[in-house]
Amino acid sequence: MKMSRMSRLPPSSLAALSPGQSATITALALSEREAGWLRAVGLGEGVGVTVLRRAPFGGPLHVRTGGGAELAVDRKLACHLTVAS
Amino acid sequence: MSAAPPPVVALVGRPNAGKSSLYNLLTGGHAKVGNFPGVTVDVLQADVGLPGGERLRCVDLPGVYTVVGAPDPESDEGYARRFLDDLQAKGAPHLVAQVLDATHLALGLKLTLELRGRGVPLAVVVTQHDVLERQGQAVDAAVLSAKLGVPVLTTSARDKGAAPKVLEFLGEAARHAKAPPTDALDAQAVATKALVTRAEGKAAAHAARRRTERLDAVLLHPVLGPVLFLGLMVLLFGAVFLVADPVTWAIDGALGALGKSLEAALGPGLFTSLLVDGVLGGAGTVLIFLPQIVVLTVVMELIDASGYLARGSFLVDRLLSVAGLGGRSFVPLLTAHACAVPAITSARIIRDPGQRLRTILVLPLMTCSARIPTFGLLIAAFFSGSSALARGALFVGLYFAGIASGLVASLVLGRTVKRTAHALPLVLELPPYRRPQARVMARLGWRAATRFVKDVGSVILVVAVILWALLTVPGPGHAEAKAAAPPGASEKVVALHGSVAAFVGRALEPLTRPAGFDWRMNIGLIASFGARELMVGTLGIIFGLEGDEEDPAPLAEKLREAQAPDGRKAYGVPTALALMAFFVIACQCMSTVAAVRRETRSWRWAGFLLAYTYGAAYLLAVLVYQGASRLG
């Protein structure tokens with residue numbers, strides 16, 4: 001139920017995904033320098049991401065990309081990554 | 001008669017791609033290998049010979065995600081980029097060898113395409129191919145090479161027999177070095193073409209992923225994860241104490257017996273005193289802490305190589321960011337528990353300049369291995385009545401006191417030391433768990449041991465002998481000082497009380513008395529200004545000179561029984577606690593100060609570090625002594 005309601009929402013951020021949810025990054029709302037670095041790391045537009053878990057006390061997200069890489073991503077930064085399901 | 005330097009082969013790759021493993025394999029060298037993104041922090045190089053007699057200069061660069069855009073010059077990526085730019089500008093013969101993790105082919109190929117665009121000779125070494133094969137996949141090197149227009153080799157750095165093959169490949173590539181084609185390619189498309197998948201591999205790949213998932217479900221569990229993390233830290237520091245403690249005191253006993261037989265054989269005299277008190281008492285006493293240092297090194301490698309280090313960063317990122325640090329600070333902070341000097345260099349993996357500076361300034365507060373001798377001695381001397389568990393707990397508590405003081409210092413510095421308007425947030429790879437290699441751990445443990453023995457045998461030995469001399473040569477006003485010596489004292493003790501060092505130590509007493517330190521402790525504190533491990537050595541010499549020649553006791557016992565001029569015991573638990581507090585905080589290490597100056601490119605921060613740690617250490621020591629004395 002919750003999943004289907006989430007998917008109909010307008011573009012949301014990576015930080016809004018619950019553990020277990022997947023989506024595709026559509027935009028990086030960051031400076032060009034930061035966005036360039038993130039793309040090189042493997043978090044660019046078009047990349048599929050699944051949130052595996054969130055660290056306690058508002059810590060980073062544990063994210064798996066479509067390519068199989070796993071990353072810790074700061075929650076504030078994740079707010080700037082627009083995703084669509 | 002070729003005087004020209006050999007062609008340079010620069011190993012470039014994404015963090016954690018396996019560069020250092022490959023470098024170690026090729027050079028038999030000692031690049032620190034970690035299962036954490038970005039553990040290589042200095043540019044390491046070594047010349048290696050090829051079967052044909054040629055030589056190559058292998059350089060292991062820090063990891064980079066990209067070679068376009070402007071990196072922060074003081075970060076890891078900045079160092080690697082500067083090295084590549086310099087190499088290209090000089091025009092010396094060189095080859096860029098990209099180390100590419102086969103299990104993340106498309107991501108690595110993005111970097112390959114950027115490197116191709118630089119127009120420098122390029123070769124690609126695809127590593128961790130064994131891991132990929134276990135997942136039922138393979139990289140077709142011929143297809144990849146044809147697509148990219150550069151030589152490609154697949155290998156596994158964990159395979160010891162791979163070295164000649166890789167060397168031959170690099171030698172060949174360096175001989176025929178030419179600029180690669182620059183036609184536009186898509187990394188994902190190239191990866192898809194070059195990857196061969198076998199149907200039966202899917203299950204294996206799934207099983208490998210399930211293993212990491214299952215471990216993460218426990219180790220990164222919201223409640224269990226932090227508890228296990230804390231437990232692991234306690235275990236790490238506890239192991240240093242509990243495992244190594246019996247060995248340490250066995251060596252101590254052997255040294256004591258050696259001293260006794262030396263005195264018996266040589267008879268009393270200045271030369272015997274130099275050997276027994278100076279060399280054995282000074283340098284030998286430091287040597288007994290060898291087991292702790294080896295245990296610490298091996299366990300830290302275990303955490304790093306297994307992949308847990310990155311998990312630790314994930315777990316503590318939030319806590320560290322409250323204190324003005326971040327998840328990336330965790331690696332240098334943990335490393336600093338062995339030694340602050342490499343830790344300060346490894347702070348380059350922190351991308352945010354403000355976080356990096358704050359991390360560097362609090363790293364010296366972490367309990368490094370050079371503090372172990374002092375802590376070990378004080379616990380043995382003043383807490384021998386407590387159970388082994390209680391002594392272990394005190395030892396572990398000292399480690400946590402260092403961490404806590406670091407967090408507090410960072411919090412305070414965060415309000416005063418600012419370099420950036422906004423912090424760069426954490427993005428960090430979490431590599432799959434790997435089984436650490438016993439061979440690598442054994443080598444690191446051996447290296448830590450030999451380095452420590454070398455230190456003790458060189459610098460510490462020389463300083464110990466100089467100290468012995470200063471404690472034997474009469475100082476100004478030695479006549480009245482000698483009068484202060486205990487009545488009925490031996491000639492050696494009287495000489496000690498009138499020595500140059502005793503004069504200086506006594507001059508400082510008004511300042512240090514509130515912290516419970518007398519002139520003997522003061523001499524130790526002065527001697528350990530440059531290197532804190534000299535504290536124990538210095539006390540070893542002083543109490544060796546003071547001690548009973550007929551019946552030499554272990555240093556801990558001498559310390560416990562030491563007398564003040566009024567005949568009462570000179571030290572008790574309050575003094576021990578105050579001295580511990582001082583050692584937790586004070587940056588008694590000139591190598592660390594030099595490293596801070598190098599990394600911050602400023603004497604200002606190096607001076608600041610000395611001033612703030614000594615100021616805080618003194619205040620804390622006074623507080624602890626006064627508090628503990630009043631509590632009895």
# chains A, B, ... in the order shown; residues from 1 in each chain; ligands from 1
>>> closest_atom_pairs(of="chain A", to="chain B", cutoff="8 Å", atoms="only C-alpha atoms", output="tab-separated table")
residue	atom	partner	partner_atom	distance
A:Arg33	CA	B:Gly69	CA	7.0
A:Gly36	CA	B:Gly69	CA	7.6
A:Trp37	CA	B:Thr66	CA	7.1
A:Ala40	CA	B:Tyr65	CA	5.5
A:Val41	CA	B:Tyr65	CA	5.8
A:Gly42	CA	B:Leu107	CA	6.6
A:Arg54	CA	B:Pro222	CA	7.8
A:Ala55	CA	B:Leu315	CA	6.2
A:Pro56	CA	B:Pro222	CA	5.3
A:Phe57	CA	B:Arg318	CA	6.8
A:Gly58	CA	B:Arg318	CA	6.7
A:Gly59	CA	B:Arg318	CA	4.7
A:Pro60	CA	B:Phe314	CA	6.7
A:Gly67	CA	B:His104	CA	7.1
A:Gly68	CA	B:His104	CA	7.6
A:Ala69	CA	B:His104	CA	7.3
A:Glu70	CA	B:Leu430	CA	5.3
A:Leu71	CA	B:Glu429	CA	4.3
A:Ala72	CA	B:Leu428	CA	5.0
A:Val73	CA	B:Val427	CA	4.7
A:Asp74	CA	B:Leu426	CA	4.9
A:Lys76	CA	B:Pro425	CA	7.5
A:Leu77	CA	B:Pro425	CA	6.2
>>> residues_around(residues="Val47 (chain A)", least_positions_apart="3", cutoff="9 Å", atoms="only C-alpha atoms", output="JSON, numbers by chain")
{"A": [23, 24, 25, 26, 42, 43, 44, 65, 66, 67]}
>>> select_by_dssp(residues="region 304-456 of chain B", states="alpha helix (DSSP H)", output="VMD selection string")
chain B and resid 304 to 306 308 to 322 330 to 335 340 to 346 353 to 362 372 to 382 388 to 416 438 to 455
>>> select_by_dssp(residues="chain A", states="strand (DSSP E or B)", output="list of chain:residue names")
A:Ser12, A:Ser13, A:Ser22, A:Ala23, A:Thr24, A:Ile25, A:Thr26, A:Ala27, A:Leu28, A:Gly48, A:Val49, A:Thr50, A:Val51, A:Leu52, A:Arg53, A:Arg54, A:Leu61, A:His62, A:Val63, A:Arg64, A:Thr65, A:Glu70, A:Leu71, A:Ala72, A:Val73, A:Leu81, A:Thr82, A:Val83, A:Ala84
>>> write_last_selection(atoms="C-alpha atoms", output="PDB file, in the first residue's frame")
ATOM      1  CA  SER A  12      11.340  12.911  -4.408  1.00  0.00           C
ATOM      2  CA  SER A  13      14.863  12.629  -3.038  1.00  0.00           C
ATOM      3  CA  SER A  22      14.515   1.237  -5.185  1.00  0.00           C
ATOM      4  CA  ALA A  23      14.513   4.205  -7.552  1.00  0.00           C
ATOM      5  CA  THR A  24      16.531   5.838 -10.322  1.00  0.00           C
ATOM      6  CA  ILE A  25      18.530   9.022  -9.872  1.00  0.00           C
ATOM      7  CA  THR A  26      17.142  11.689 -12.202  1.00  0.00           C
ATOM      8  CA  ALA A  27      19.007  14.824 -11.158  1.00  0.00           C
ATOM      9  CA  LEU A  28      21.792  16.080  -8.882  1.00  0.00           C
ATOM     10  CA  GLY A  48      19.426   2.739 -10.158  1.00  0.00           C
ATOM     11  CA  VAL A  49      19.686   2.830  -6.362  1.00  0.00           C
ATOM     12  CA  THR A  50      18.294   0.724  -3.534  1.00  0.00           C
ATOM     13  CA  VAL A  51      18.378   1.937   0.051  1.00  0.00           C
ATOM     14  CA  LEU A  52      19.509  -0.994   2.190  1.00  0.00           C
ATOM     15  CA  ARG A  53      19.451   0.689   5.594  1.00  0.00           C
ATOM     16  CA  ARG A  54      19.889   3.927   7.473  1.00  0.00           C
ATOM     17  CA  LEU A  61      22.196   5.825   4.161  1.00  0.00           C
ATOM     18  CA  HIS A  62      23.527   2.479   2.989  1.00  0.00           C
ATOM     19  CA  VAL A  63      22.823   2.435  -0.735  1.00  0.00           C
ATOM     20  CA  ARG A  64      23.387  -0.184  -3.420  1.00  0.00           C
ATOM     21  CA  THR A  65      23.687   0.996  -7.016  1.00  0.00           C
ATOM     22  CA  GLU A  70      27.569  -0.260  -2.092  1.00  0.00           C
ATOM     23  CA  LEU A  71      28.000   3.212  -0.678  1.00  0.00           C
ATOM     24  CA  ALA A  72      27.459   5.136   2.512  1.00  0.00           C
ATOM     25  CA  VAL A  73      25.739   8.402   1.568  1.00  0.00           C
ATOM     26  CA  LEU A  81      19.681  13.602  -5.225  1.00  0.00           C
ATOM     27  CA  THR A  82      16.337  13.599  -7.019  1.00  0.00           C
ATOM     28  CA  VAL A  83      14.972  10.127  -7.715  1.00  0.00           C
ATOM     29  CA  ALA A  84      11.985   8.662  -9.545  1.00  0.00           C
TER      30      ALA A  84
END
>>> closest_residue(among="B:Ala343, B:Val573, B:Ala464, B:Val247", to="Gly385 (chain B)", atoms="only C-alpha atoms")
B:Val573
>>> residues_around(residues="Gln137 (chain B)", least_positions_apart="3", cutoff="8 Å", atoms="only C-alpha atoms", output="VMD selection string")
chain B and resid 132 to 134 195 to 198 201
>>> write_last_selection(atoms="N, CA and C atoms", output="PDB file, in the first residue's frame")
ATOM      1  N   LEU B 132      35.713 -12.266  -9.647  1.00  0.00           N
ATOM      2  CA  LEU B 132      34.726 -12.211 -10.736  1.00  0.00           C
ATOM      3  C   LEU B 132      34.427 -13.620 -11.259  1.00  0.00           C
ATOM      4  N   GLU B 133      35.479 -14.427 -11.386  1.00  0.00           N
ATOM      5  CA  GLU B 133      35.296 -15.796 -11.890  1.00  0.00           C
ATOM      6  C   GLU B 133      34.431 -16.607 -10.943  1.00  0.00           C
ATOM      7  N   ARG B 134      34.661 -16.399  -9.639  1.00  0.00           N
ATOM      8  CA  ARG B 134      33.829 -17.128  -8.676  1.00  0.00           C
ATOM      9  C   ARG B 134      32.366 -16.723  -8.810  1.00  0.00           C
ATOM     10  N   LEU B 195      32.309  -8.211 -20.899  1.00  0.00           N
ATOM     11  CA  LEU B 195      31.961  -9.151 -19.823  1.00  0.00           C
ATOM     12  C   LEU B 195      31.347 -10.419 -20.398  1.00  0.00           C
ATOM     13  N   VAL B 196      31.906 -11.546 -20.019  1.00  0.00           N
ATOM     14  CA  VAL B 196      31.354 -12.832 -20.430  1.00  0.00           C
ATOM     15  C   VAL B 196      30.701 -13.455 -19.198  1.00  0.00           C
ATOM     16  N   THR B 197      29.434 -13.802 -19.312  1.00  0.00           N
ATOM     17  CA  THR B 197      28.743 -14.385 -18.165  1.00  0.00           C
ATOM     18  C   THR B 197      28.411 -15.833 -18.442  1.00  0.00           C
ATOM     19  N   ARG B 198      28.728 -16.669 -17.459  1.00  0.00           N
ATOM     20  CA  ARG B 198      28.337 -18.067 -17.563  1.00  0.00           C
ATOM     21  C   ARG B 198      27.105 -18.273 -16.697  1.00  0.00           C
ATOM     22  N   GLY B 201      27.167 -19.157 -12.972  1.00  0.00           N
ATOM     23  CA  GLY B 201      27.790 -18.210 -12.052  1.00  0.00           C
ATOM     24  C   GLY B 201      26.802 -17.396 -11.237  1.00  0.00           C
TER      25      GLY B 201
END
